[in-house]
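Asker: Contents are CSV, C-alpha atoms; file name my_file_7.csv:
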chain,number,residue,atom,x,y,z
A,103,MET,CA,52.1,102.6,97.5
A,104,PRO,CA,54.1,102.9,94.3
A,105,THR,CA,57.1,100.6,93.7
A,106,LEU,CA,60.4,102.5,93.9
A,107,GLN,CA,62.3,102.9,90.6
A,108,THR,CA,65.8,101.5,90.8
A,109,PRO,CA,68.7,101.2,88.3
A,110,ALA,CA,68.8,98.2,86.0
A,111,PRO,CA,70.2,95.3,88.0
A,112,ASN,CA,72.2,92.3,86.9
A,113,ARG,CA,74.8,93.9,84.8
A,114,PHE,CA,78.5,93.1,85.2
A,115,SER,CA,81.6,95.2,85.9
A,116,ARG,CA,85.2,95.0,84.6
A,117,ILE,CA,88.5,96.9,84.9
A,118,ALA,CA,88.9,98.8,81.6
A,119,GLY,CA,92.1,100.7,81.8
A,120,ILE,CA,95.1,101.0,84.1
A,121,GLY,CA,97.8,103.6,84.8
A,122,GLY,CA,100.6,104.1,87.3
A,123,TYR,CA,102.9,106.8,88.7
A,124,ARG,CA,106.2,105.6,90.0
A,125,ALA,CA,108.0,108.1,92.2
A,126,GLU,CA,111.1,109.7,90.8
A,127,HIS,CA,113.8,108.9,93.3
A,128,ALA,CA,115.1,105.3,93.5
A,129,VAL,CA,116.4,104.9,97.1
A,130,PRO,CA,118.8,102.0,97.6
A,131,ASN,CA,119.1,100.2,100.9
A,132,ALA,CA,122.6,101.8,101.4
A,133,ASP,CA,120.9,105.2,101.8
A,134,LEU,CA,118.8,103.9,104.8
A,135,VAL,CA,121.0,101.5,106.8
A,136,GLY,CA,122.9,104.1,108.8
A,137,PRO,CA,120.2,105.2,111.3
A,138,ILE,CA,118.9,101.7,111.7
A,139,ASP,CA,122.3,100.2,112.2
A,140,SER,CA,121.6,97.7,109.5
A,141,SER,CA,123.0,96.6,106.1
A,142,ASP,CA,122.0,96.1,102.5
A,143,GLU,CA,122.2,92.3,103.0
A,144,TRP,CA,120.0,92.4,106.2
A,145,ILE,CA,117.2,94.3,104.3
A,146,ARG,CA,117.4,92.1,101.2
A,147,GLN,CA,117.3,88.9,103.2
A,148,ARG,CA,114.3,90.0,105.3
A,149,THR,CA,112.3,91.8,102.7
A,150,GLY,CA,113.6,91.2,99.2
A,151,ILE,CA,113.7,95.0,98.7
A,152,VAL,CA,116.7,96.4,96.7
A,153,THR,CA,115.3,99.9,96.1
A,154,ARG,CA,112.1,101.8,96.9
A,155,HIS,CA,110.9,104.8,95.0
A,156,ARG,CA,110.1,108.0,96.8
A,157,ALA,CA,108.7,111.3,95.7
A,158,GLY,CA,110.4,114.6,96.2
A,159,GLU,CA,109.0,117.3,98.5
A,160,ASP,CA,107.5,119.1,95.5
A,161,VAL,CA,105.3,116.0,94.5
A,162,ALA,CA,102.1,115.7,96.5
A,163,VAL,CA,99.6,112.8,96.7
A,164,LEU,CA,97.3,114.6,94.2
A,165,ASP,CA,100.1,115.0,91.7
A,166,MET,CA,100.7,111.3,91.8
A,167,CYS,CA,96.9,110.6,91.5
A,168,GLU,CA,96.6,112.9,88.5
A,169,GLU,CA,99.4,111.2,86.6
A,170,ALA,CA,98.1,107.7,87.2
A,171,ALA,CA,94.5,108.7,86.5
A,172,VAL,CA,95.2,110.4,83.2
A,173,GLU,CA,96.9,107.3,82.0
A,174,ALA,CA,94.2,105.0,83.2
A,175,ILE,CA,91.4,107.0,81.7
A,176,ALA,CA,93.2,107.2,78.3
A,177,ASN,CA,93.9,103.4,78.4
A,178,ALA,CA,90.2,102.8,79.1
A,179,GLY,CA,89.4,104.7,75.9
A,180,LEU,CA,87.6,107.4,77.9
A,181,LYS,CA,87.8,111.1,78.6
A,182,PRO,CA,87.7,112.8,82.0
A,183,GLU,CA,84.1,113.9,81.4
A,184,ASP,CA,83.1,110.2,81.0
A,185,ILE,CA,84.2,109.5,84.6
A,186,GLY,CA,81.2,108.8,86.8
A,187,ALA,CA,82.9,108.8,90.2
A,188,VAL,CA,86.3,109.1,91.8
A,189,LEU,CA,87.3,106.8,94.6
A,190,ILE,CA,90.7,107.1,96.2
A,191,ALA,CA,92.2,104.6,98.7
A,192,THR,CA,94.9,106.3,100.7
A,193,VAL,CA,96.1,106.8,104.3
A,194,THR,CA,98.7,109.5,103.5
A,195,PHE,CA,96.7,112.4,102.0
A,196,GLY,CA,97.5,114.3,105.2
A,197,THR,CA,94.1,116.2,105.3
A,198,PRO,CA,91.3,114.1,106.9
A,199,THR,CA,88.8,116.4,105.1
A,200,PRO,CA,88.1,117.5,102.5
A,201,SER,CA,89.0,114.4,100.5
A,202,ALA,CA,91.7,113.9,97.9
A,203,ALA,CA,89.1,112.5,95.5
A,204,SER,CA,87.0,115.7,95.4
A,205,ALA,CA,90.1,117.8,94.7
A,206,LEU,CA,91.1,115.4,91.9
A,207,THR,CA,87.8,115.9,90.1
A,208,THR,CA,88.6,119.5,89.4
A,209,ARG,CA,92.2,118.7,88.4
A,210,LEU,CA,91.0,116.1,86.0
A,211,GLY,CA,87.9,118.0,84.8
A,212,THR,CA,85.5,115.2,85.4
A,213,GLY,CA,82.4,117.1,86.2
A,214,PRO,CA,80.7,117.2,89.6
A,215,VAL,CA,80.6,113.5,90.2
A,216,PRO,CA,80.6,111.6,93.5
A,217,ALA,CA,84.1,111.6,95.0
A,218,TRP,CA,85.4,110.1,98.2
A,219,ASP,CA,88.4,108.6,99.9
A,220,ILE,CA,88.6,105.4,101.9
A,221,SER,CA,90.9,104.3,104.6
A,222,ALA,CA,91.9,100.6,104.4
A,223,ALA,CA,95.7,101.0,104.3
A,224,CYS,CA,97.3,98.3,102.2
A,225,ALA,CA,94.0,96.7,101.5
A,226,GLY,CA,92.6,100.0,100.3
A,227,TYR,CA,92.8,99.3,96.6
A,228,CYS,CA,91.0,96.0,96.8
A,229,TYR,CA,88.4,97.5,99.2
A,230,ALA,CA,87.8,100.2,96.5
A,231,ILE,CA,87.5,97.6,93.8
A,232,ALA,CA,84.9,95.8,95.9
A,233,GLN,CA,82.9,99.0,96.3
A,234,ALA,CA,83.2,100.0,92.6
A,235,ASP,CA,82.2,96.6,91.5
A,236,GLY,CA,79.0,96.7,93.6
A,237,LEU,CA,78.2,100.2,92.6
A,238,VAL,CA,78.6,99.5,88.8
A,239,ARG,CA,76.8,96.2,88.9
A,240,SER,CA,73.8,97.7,90.7
A,241,GLY,CA,73.6,100.4,88.1
A,242,THR,CA,74.2,103.1,90.6
A,243,LEU,CA,77.4,104.5,89.0
A,244,ASP,CA,79.5,103.8,85.9
A,245,ASN,CA,83.1,104.5,84.9
A,246,ILE,CA,84.4,104.7,88.4
A,247,LEU,CA,88.0,105.9,88.6
A,248,VAL,CA,89.7,103.9,91.4
A,249,ILE,CA,93.1,105.0,92.7
A,250,GLY,CA,95.4,103.6,95.2
A,251,VAL,CA,98.0,106.2,96.3
A,252,GLU,CA,100.4,106.8,99.1
A,253,LYS,CA,103.2,109.2,99.9
A,254,LEU,CA,104.4,107.1,102.8
A,255,SER,CA,107.7,108.9,102.9
A,256,ASP,CA,105.8,111.7,104.8
A,257,PHE,CA,105.1,109.2,107.6
A,258,ILE,CA,108.3,107.4,108.2
A,259,ASP,CA,111.0,107.6,110.9
A,260,PRO,CA,114.5,106.9,109.6
A,261,THR,CA,115.4,105.3,112.9
A,262,ASP,CA,112.5,102.9,112.9
A,263,ARG,CA,113.6,99.2,112.3
A,264,THR,CA,110.0,97.8,111.9
A,265,ILE,CA,108.6,99.3,108.7
A,266,SER,CA,109.9,102.6,107.5
A,267,PHE,CA,112.7,101.1,105.4
A,268,LEU,CA,110.2,99.1,103.4
A,269,LEU,CA,108.1,102.0,102.3
A,270,GLY,CA,107.9,103.9,99.1
A,271,ASP,CA,105.6,106.4,97.3
A,272,GLY,CA,103.4,105.9,94.2
A,273,ALA,CA,99.9,105.7,92.7
A,274,GLY,CA,98.0,103.2,90.6
A,275,ALA,CA,94.7,103.8,88.9
A,276,VAL,CA,92.0,101.9,87.0
A,277,VAL,CA,88.6,102.6,85.6
A,278,VAL,CA,85.8,100.2,86.6
A,279,THR,CA,83.1,100.1,83.9
A,280,SER,CA,79.9,98.2,83.2
A,281,SER,CA,80.4,95.1,81.1
A,282,ASP,CA,78.4,92.4,79.3
A,283,THR,CA,80.5,89.7,80.8
A,284,PRO,CA,81.8,89.3,84.4
A,285,GLY,CA,85.1,91.0,84.9
A,286,ILE,CA,85.3,91.2,88.7
A,287,ALA,CA,84.3,88.3,90.9
A,288,ARG,CA,82.7,88.6,94.3
A,289,SER,CA,85.2,90.1,96.8
A,290,VAL,CA,86.2,88.3,100.0
A,291,TRP,CA,86.9,91.0,102.6
A,292,GLY,CA,86.9,91.6,106.3
A,293,SER,CA,88.8,92.8,109.3
A,294,LYS,CA,90.5,91.6,112.5
A,295,GLY,CA,90.0,94.5,114.9
A,296,GLU,CA,91.6,92.8,117.8
A,297,ASN,CA,94.9,93.4,116.0
A,298,TRP,CA,94.2,97.1,115.7
A,299,GLU,CA,97.7,98.0,116.9
A,300,THR,CA,99.7,95.4,115.0
A,301,ILE,CA,100.3,98.1,112.3
A,302,ARG,CA,99.9,101.5,113.8
A,303,MET,CA,100.8,105.2,114.0
A,304,THR,CA,103.1,106.2,116.9
A,305,ASN,CA,100.6,108.8,118.0
A,306,SER,CA,97.6,110.7,116.8
A,307,PHE,CA,97.1,114.3,115.5
A,308,LEU,CA,95.2,115.0,118.7
A,309,ASP,CA,98.2,114.0,120.7
A,310,LEU,CA,100.1,116.6,118.7
A,311,ARG,CA,97.5,119.2,119.4
A,312,ASP,CA,97.6,118.5,123.2
A,313,ASP,CA,101.4,118.3,123.4
A,314,ARG,CA,103.5,120.1,120.9
A,315,GLU,CA,106.5,118.1,122.0
A,316,THR,CA,104.9,114.9,120.6
A,317,PRO,CA,106.9,113.6,117.7
A,318,PHE,CA,105.1,113.7,114.3
A,319,PRO,CA,103.1,110.5,113.8
A,320,THR,CA,104.9,107.8,111.9
A,321,LEU,CA,104.2,104.1,111.1
A,322,ARG,CA,105.2,101.0,113.1
A,323,GLN,CA,104.5,97.4,112.9
A,324,ASP,CA,104.9,94.1,114.7
A,325,GLY,CA,106.6,92.4,111.7
A,326,PRO,CA,106.5,88.7,112.8
A,327,SER,CA,102.8,88.9,113.7
A,328,VAL,CA,102.0,90.6,110.4
A,329,PHE,CA,104.0,88.0,108.6
A,330,ARG,CA,102.1,85.1,110.2
A,331,TRP,CA,98.7,86.7,109.5
A,332,ALA,CA,99.6,87.8,106.0
A,333,VAL,CA,100.7,84.3,105.0
A,334,TRP,CA,98.6,81.8,106.7
A,335,ASP,CA,95.3,83.7,107.2
A,336,MET,CA,95.6,85.4,103.9
A,337,ALA,CA,96.2,82.1,102.1
A,338,GLU,CA,92.7,81.0,103.3
A,339,VAL,CA,91.2,84.3,102.2
A,340,ALA,CA,92.9,83.9,98.8
A,341,LYS,CA,91.5,80.4,98.5
A,342,GLU,CA,88.0,81.7,99.4
A,343,ALA,CA,88.3,84.3,96.6
A,344,LEU,CA,89.1,81.6,94.1
A,345,GLU,CA,86.0,79.7,95.3
A,346,ALA,CA,83.9,82.8,95.1
A,347,ALA,CA,85.0,83.2,91.4
A,348,GLY,CA,84.3,79.6,90.7
A,349,ILE,CA,87.8,78.9,89.5
A,350,GLU,CA,91.0,77.0,90.6
A,351,SER,CA,94.5,78.3,90.8
A,352,LYS,CA,95.4,76.6,87.5
A,353,ASP,CA,92.9,79.0,85.8
A,354,LEU,CA,94.9,82.1,86.9
A,355,ALA,CA,97.2,83.9,84.6
A,356,ALA,CA,98.6,86.1,87.4
A,357,PHE,CA,98.8,86.4,91.2
A,358,VAL,CA,99.1,90.0,92.5
A,359,PRO,CA,99.4,90.1,96.3
A,360,HIS,CA,100.0,93.4,98.1
A,361,GLN,CA,103.7,94.1,97.8
A,362,ALA,CA,104.5,94.1,101.5
A,363,ASN,CA,107.6,91.9,101.7
A,364,MET,CA,109.1,89.4,99.3
A,365,ARG,CA,109.1,86.8,102.0
A,366,ILE,CA,105.3,87.2,102.4
A,367,ILE,CA,104.8,87.0,98.6
A,368,ASP,CA,107.0,83.8,98.3
A,369,GLU,CA,105.4,82.0,101.3
A,370,LEU,CA,101.9,83.0,100.3
A,371,ALA,CA,102.5,81.6,96.7
A,372,LYS,CA,103.9,78.5,98.3
A,373,GLN,CA,100.9,78.0,100.6
A,374,LEU,CA,98.5,78.5,97.6
A,375,LYS,CA,100.5,75.8,95.6
A,376,LEU,CA,100.3,78.0,92.5
A,377,PRO,CA,101.2,76.2,89.3
A,378,ASP,CA,104.4,77.5,87.5
A,379,SER,CA,102.1,78.9,84.8
A,380,VAL,CA,100.9,81.6,87.2
A,381,VAL,CA,102.9,84.8,87.0
A,382,VAL,CA,103.5,86.2,90.5
A,383,ALA,CA,103.9,90.0,90.8
A,384,ARG,CA,107.2,90.9,92.5
A,385,ASP,CA,107.3,94.6,92.0
A,386,ILE,CA,108.5,95.1,95.6
A,387,ALA,CA,112.2,94.4,94.8
A,388,ASP,CA,112.5,97.7,92.9
A,389,ASN,CA,109.5,99.6,94.2
A,390,GLY,CA,109.2,98.8,97.9
A,391,ASN,CA,105.9,98.7,99.8
A,392,THR,CA,103.6,101.4,98.5
A,393,SER,CA,100.6,100.3,100.6
A,394,ALA,CA,97.3,101.1,98.7
A,395,ALA,CA,99.2,101.7,95.4
A,396,SER,CA,101.1,98.5,95.4
A,397,ILE,CA,98.6,96.2,93.7
A,398,PRO,CA,97.6,98.5,90.8
A,399,LEU,CA,101.3,99.5,90.3
A,400,ALA,CA,102.4,95.8,90.3
A,401,THR,CA,99.6,95.0,87.9
A,402,GLU,CA,100.5,97.8,85.6
A,403,ARG,CA,104.1,96.5,85.4
A,404,LEU,CA,103.0,92.9,84.9
A,405,LEU,CA,100.9,93.9,81.9
A,406,ARG,CA,103.7,96.1,80.5
A,407,GLU,CA,106.3,93.3,80.8
A,408,ASN,CA,104.0,90.4,79.9
A,409,PRO,CA,101.5,91.6,77.3
A,410,GLU,CA,100.2,88.1,76.9
A,411,LEU,CA,98.5,88.5,80.3
A,412,HIS,CA,95.9,91.0,78.9
A,413,GLY,CA,92.5,89.5,79.3
A,414,GLY,CA,93.7,86.7,81.6
A,415,LEU,CA,92.5,86.1,85.2
A,416,ALA,CA,94.4,87.6,88.2
A,417,LEU,CA,93.9,87.0,91.9
A,418,GLN,CA,94.6,90.2,93.8
A,419,ILE,CA,94.7,90.4,97.6
A,420,GLY,CA,95.4,93.4,99.8
A,421,PHE,CA,96.0,93.2,103.5
A,422,GLY,CA,97.3,95.7,106.1
A,423,ALA,CA,96.7,98.0,109.0
A,424,GLY,CA,93.4,97.5,110.8
A,425,LEU,CA,93.9,94.7,110.4
A,426,VAL,CA,91.9,94.6,107.2
A,427,TYR,CA,91.9,92.5,104.0
A,428,ALA,CA,90.2,92.1,100.6
A,429,ALA,CA,90.7,89.8,97.7
A,430,GLN,CA,89.0,89.3,94.4
A,431,VAL,CA,89.6,87.6,91.0
A,432,ILE,CA,89.5,90.0,88.1
A,433,VAL,CA,89.9,89.9,84.3
A,434,LEU,CA,93.1,91.8,83.6
A,435,PRO,CA,92.4,94.8,81.3
B,1214,MET,CA,98.5,61.3,121.0
B,1215,ALA,CA,101.0,63.4,122.8
B,1216,HIS,CA,104.6,63.4,121.5
B,1217,THR,CA,107.4,62.7,123.9
B,1218,GLU,CA,110.1,65.3,124.5
B,1219,ALA,CA,112.5,63.4,122.2
B,1220,GLU,CA,109.9,63.2,119.5
B,1221,VAL,CA,109.2,66.9,119.8
B,1222,LEU,CA,112.9,67.7,119.5
B,1223,SER,CA,113.5,65.5,116.4
B,1224,GLY,CA,110.2,66.9,114.9
B,1225,LEU,CA,111.3,70.4,115.5
B,1226,ALA,CA,114.8,69.7,114.0
B,1227,GLU,CA,113.0,68.5,110.8
B,1228,ILE,CA,111.0,71.7,110.7
B,1229,VAL,CA,114.1,73.9,111.2
B,1230,ASN,CA,115.9,71.9,108.5
B,1231,GLU,CA,113.0,72.4,106.1
B,1232,GLU,CA,112.9,76.1,106.7
B,1233,THR,CA,116.6,76.9,106.9
B,1234,GLY,CA,118.6,74.0,105.5
B,1235,LEU,CA,120.4,73.5,108.8
B,1236,ALA,CA,121.3,69.9,109.5
B,1237,PRO,CA,118.8,68.4,112.0
B,1238,GLU,CA,121.6,67.3,114.4
B,1239,ALA,CA,122.7,71.0,114.7
B,1240,VAL,CA,119.3,71.8,116.3
B,1241,GLU,CA,120.5,71.0,119.9
B,1242,PRO,CA,118.4,71.8,122.9
B,1243,SER,CA,120.9,74.4,124.3
B,1244,LYS,CA,121.1,76.3,121.0
B,1245,SER,CA,119.5,79.8,120.7
B,1246,PHE,CA,117.4,80.1,117.6
B,1247,THR,CA,118.7,83.7,116.9
B,1248,ASP,CA,122.2,83.7,118.2
B,1249,ASP,CA,123.4,80.1,117.4
B,1250,LEU,CA,121.2,79.0,114.6
B,1251,ASP,CA,120.9,82.4,112.9
B,1252,ILE,CA,117.2,82.1,112.4
B,1253,ASP,CA,115.5,85.5,111.8
B,1254,SER,CA,112.1,86.5,113.2
B,1255,ILE,CA,110.3,85.7,109.9
B,1256,SER,CA,111.7,82.2,109.6
B,1257,MET,CA,111.0,81.7,113.3
B,1258,MET,CA,107.3,82.4,112.6
B,1259,THR,CA,107.3,79.9,109.8
B,1260,ILE,CA,108.8,77.3,112.2
B,1261,VAL,CA,106.2,78.1,114.8
B,1262,VAL,CA,103.3,77.7,112.4
B,1263,ASN,CA,104.7,74.4,111.1
B,1264,ALA,CA,105.3,73.2,114.7
B,1265,GLU,CA,101.7,74.1,115.6
B,1266,LYS,CA,100.5,71.9,112.7
B,1267,LYS,CA,102.8,69.0,113.4
B,1268,PHE,CA,102.1,68.8,117.1
B,1269,SER,CA,98.5,70.1,117.2
B,1270,VAL,CA,99.2,72.9,119.6
B,1271,LYS,CA,98.7,76.7,119.6
B,1272,ILE,CA,101.6,79.1,120.1
B,1273,PRO,CA,100.3,82.7,120.2
B,1274,ASP,CA,102.4,85.5,118.7
B,1275,ASP,CA,103.1,86.9,122.2
B,1276,ASP,CA,104.6,83.7,123.4
B,1277,VAL,CA,107.0,83.3,120.4
B,1278,LYS,CA,109.5,85.9,121.8
B,1279,ASP,CA,109.9,83.7,124.9
B,1280,LEU,CA,111.1,80.7,122.8
B,1281,VAL,CA,114.8,81.7,123.0
B,1282,THR,CA,116.4,78.3,122.9
B,1283,VAL,CA,115.4,75.0,121.2
B,1284,GLN,CA,114.7,73.6,124.7
B,1285,ASP,CA,112.3,76.5,125.4
B,1286,ALA,CA,110.4,75.5,122.3
B,1287,VAL,CA,110.4,71.8,123.2
B,1288,ASP,CA,109.2,72.5,126.7
B,1289,TYR,CA,106.5,74.8,125.5
B,1290,ILE,CA,105.2,72.3,123.0
B,1291,VAL,CA,105.3,69.4,125.4
B,1292,LYS,CA,103.4,71.5,128.0
B,1293,ALA,CA,100.9,72.8,125.4
B,1294,GLN,CA,100.1,69.2,124.3
B,1295,GLN,CA,99.0,68.5,127.8
B,1296,ALA,CA,96.8,71.5,128.0
In structure tokens, write the structure found in this file.

Answerer:
Amino acid sequence: MPTLQTPAPNRFSRIAGIGGYRAEHAVPNADLVGPIDSSDEWIRQRTGIVTRHRAGEDVAVLDMCEEAAVEAIANAGLKPEDIGAVLIATVTFGTPTPSAASALTTRLGTGPVPAWDISAACAGYCYAIAQADGLVRSGTLDNILVIGVEKLSDFIDPTDRTISFLLGDGAGAVVVTSSDTPGIARSVWGSKGENWETIRMTNSFLDLRDDRETPFPTLRQDGPSVFRWAVWDMAEVAKEALEAAGIESKDLAAFVPHQANMRIIDELAKQLKLPDSVVVARDIADNGNTSAASIPLATERLLRENPELHGGLALQIGFGAGLVYAAQVIVLP
Amino acid sequence: MAHTEAEVLSGLAEIVNEETGLAPEAVEPSKSFTDDLDIDSISMMTIVVNAEKKFSVKIPDDDVKDLVTVQDAVDYIVKAQQA
């Protein structure tokens, strides 16, 4: 029996370019407090959010993807025809099939490459990086366009006090390419299915089909339970990701957690005992929680505002509905 | 070794002080965490996790909502130590 031919193994991967799309409308807390009988101070104190950015009705998930992708591809020094695959993390495309990724290939003019979406909520971007890393290192694919995108404003309820007021829209994109040196360390990822309903939709599309009186599905969460898991469980995951990379927190240039809530970010940084030299991404104050888009958007901003971080090490960790999580150390592009 | 009720109360007061800056003597048994001590749900979770570590007990998420007053928390922890 002949030995099967396989791609060249043992090459490395890295993130080569980054791009972001920030939604046009800055929505201050004052615009949201009426229906939830709240105040600017209440929202700031509990979440650290001052504004979130939301897209207009005329801006779709694919529009946001395209803007972020064009920037990321150019920053990677590539052209659309160089892209070897398109991988989109999103839970708000609105059409379970066909995927956002396959539609994006024609918009970008990539050629008929593999294209697929993944559903891992706020961990989606880090899940996609884990997949892209493995596929590039195995030699299966190269130049994978990875996008985290959400138009969460389509799935919120203005009267909901649990999560809606946190949420914004946006897209962040990177290109994962082959590399002579390691640029993405082993991912630490997993799930906690027994907490499937901790962050959830109010009902399903099938409920809508069966009863037209059913309200359109919107998001809800058990905030305190999410907080506990996101801080103390995710601190252990973050430490494991550092170990997997063979580094210590003092080796990091930046820490980019999912931008869920400033209280989570602050407490997580405290639990990790990060040295002052580590820059912590706090995009959430202006941009709100954009789920799968939050880590690439926060990274894009960090690099824009702190150019000295280019080439440094960053620990990124995504966590959200599922519950699911993923973390990895990367070399910043 | 199990902590006495008085030890749990004073330990809890230290934890509340660390999280909120409230004076430990303000953490009286009859006080409500939310209404009297103005502790929000996120700070309450931090207090619960720190109490778990300090007193070597488990306080599941679903039980936290039942801890309305400081005495509720003291009673819960004292009982949980014996479990």

Asker: Just want the 7 Å neighbourhood of segment 184-195 of chain A, counted on all atoms listed in the file, with same-chain residues fewer than 4 positions away dropped. Output as a PyMOL selection string.

Answerer: chain A and resi 163+180+202-203+212+215-223+226-227+230+243-254+394

Asker: Convert the current residue selection to file output with C-alpha atoms, as a short mmCIF file (atom, residue, chain, number, x, y, z; two decimals), in the coordinates of the input.

Answerer:
data_model
loop_
_atom_site.label_atom_id
_atom_site.label_comp_id
_atom_site.auth_asym_id
_atom_site.auth_seq_id
_atom_site.Cartn_x
_atom_site.Cartn_y
_atom_site.Cartn_z
CA VAL A 163 99.60 112.80 96.70
CA LEU A 180 87.60 107.40 77.90
CA ALA A 202 91.70 113.90 97.90
CA ALA A 203 89.10 112.50 95.50
CA THR A 212 85.50 115.20 85.40
CA VAL A 215 80.60 113.50 90.20
CA PRO A 216 80.60 111.60 93.50
CA ALA A 217 84.10 111.60 95.00
CA TRP A 218 85.40 110.10 98.20
CA ASP A 219 88.40 108.60 99.90
CA ILE A 220 88.60 105.40 101.90
CA SER A 221 90.90 104.30 104.60
CA ALA A 222 91.90 100.60 104.40
CA ALA A 223 95.70 101.00 104.30
CA GLY A 226 92.60 100.00 100.30
CA TYR A 227 92.80 99.30 96.60
CA ALA A 230 87.80 100.20 96.50
CA LEU A 243 77.40 104.50 89.00
CA ASP A 244 79.50 103.80 85.90
CA ASN A 245 83.10 104.50 84.90
CA ILE A 246 84.40 104.70 88.40
CA LEU A 247 88.00 105.90 88.60
CA VAL A 248 89.70 103.90 91.40
CA ILE A 249 93.10 105.00 92.70
CA GLY A 250 95.40 103.60 95.20
CA VAL A 251 98.00 106.20 96.30
CA GLU A 252 100.40 106.80 99.10
CA LYS A 253 103.20 109.20 99.90
CA LEU A 254 104.40 107.10 102.80
CA ALA A 394 97.30 101.10 98.70
#

Asker: Kindly determine which residues of chain A lie within 12 Å of chain B, considering all atoms listed in the file, and give the answer as a VMD selection string.

Answerer: chain A and resid 144 to 145 147 to 149 264 297 300 324 to 335 363 to 366 369 to 370 373

Asker: Within 12 Å of Glu1265 of chain B, counting only C-alpha atoms, which residues show up once you throw out same-chain ones fewer than 6 positions away? Write them as a ChimeraX atom specification, please.

Answerer: /B:1221,1224-1225,1228,1258-1259,1271-1274,1277,1286-1287,1289-1291,1293-1294

Asker: Just give me the gap between atom CA of Phe357 of chain A and atom CA of Ser115 of chain A in Å, one decimal is fine.

Answerer: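 Spanning atom CA of Phe357 of chain A to atom CA of Ser115 of chain A is a straight-line distance of 20.0 Å.
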
Asker: Could you state the separation of atom CA of Trp298 of chain A and atom CA of Ala423 of chain A in Å, given to one decimal place?

Answerer: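 One can read the atom CA of Trp298 of chain A to atom CA of Ala423 of chain A distance as 7.2 Å.
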
Asker: Between atom CA of Ile432 of chain A and atom CA of Leu237 of chain A, what is the spacing in Å?

Answerer: 15.9 Å

Asker: For Val1240 of chain B, please output as a PyMOL selection string all residues within 8 Å (counting only C-alpha atoms; exclusion window: fewer than 5 positions along the same chain).

Answerer: chain B and resi 1226+1229+1235+1250+1283

Asker: Using only C-alpha atoms, what residues lie at most 6 Å away from (94.8, 92.0, 110.3) (file coordinates), given as a list of chain:residue names?

Answerer: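 Selection result: A:Lys294, A:Asn297, A:Gly424, A:Leu425, A:Val426.
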
Asker: Would you kindly return, as a list in words, each protein, DNA or RNA residue with an atom no farther than 12 Å from any atom of Glu315 of chain A, considering all atoms listed in the file and excluding same-chain residues fewer than 5 positions away?

Answerer: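 The contact residues come out as Asn305, Asp309 and Leu310 of chain A.
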
Asker: For Gly285 of chain A, please output as a short mmCIF file (atom, residue, chain, number, x, y, z; two decimals) with C-alpha atoms, in the frame of the given file all residues within 10 Å (counting only C-alpha atoms; exclusion window: fewer than 6 positions along the same chain).

Answerer:
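Just written: part.cif:
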data_model
loop_
_atom_site.label_atom_id
_atom_site.label_comp_id
_atom_site.auth_asym_id
_atom_site.auth_seq_id
_atom_site.Cartn_x
_atom_site.Cartn_y
_atom_site.Cartn_z
CA PHE A 114 78.50 93.10 85.20
CA SER A 115 81.60 95.20 85.90
CA ARG A 116 85.20 95.00 84.60
CA ILE A 117 88.50 96.90 84.90
CA ALA A 118 88.90 98.80 81.60
CA ASP A 235 82.20 96.60 91.50
CA VAL A 278 85.80 100.20 86.60
CA THR A 279 83.10 100.10 83.90
CA GLY A 413 92.50 89.50 79.30
CA LEU A 415 92.50 86.10 85.20
CA VAL A 431 89.60 87.60 91.00
CA ILE A 432 89.50 90.00 88.10
CA VAL A 433 89.90 89.90 84.30
CA LEU A 434 93.10 91.80 83.60
CA PRO A 435 92.40 94.80 81.30
#
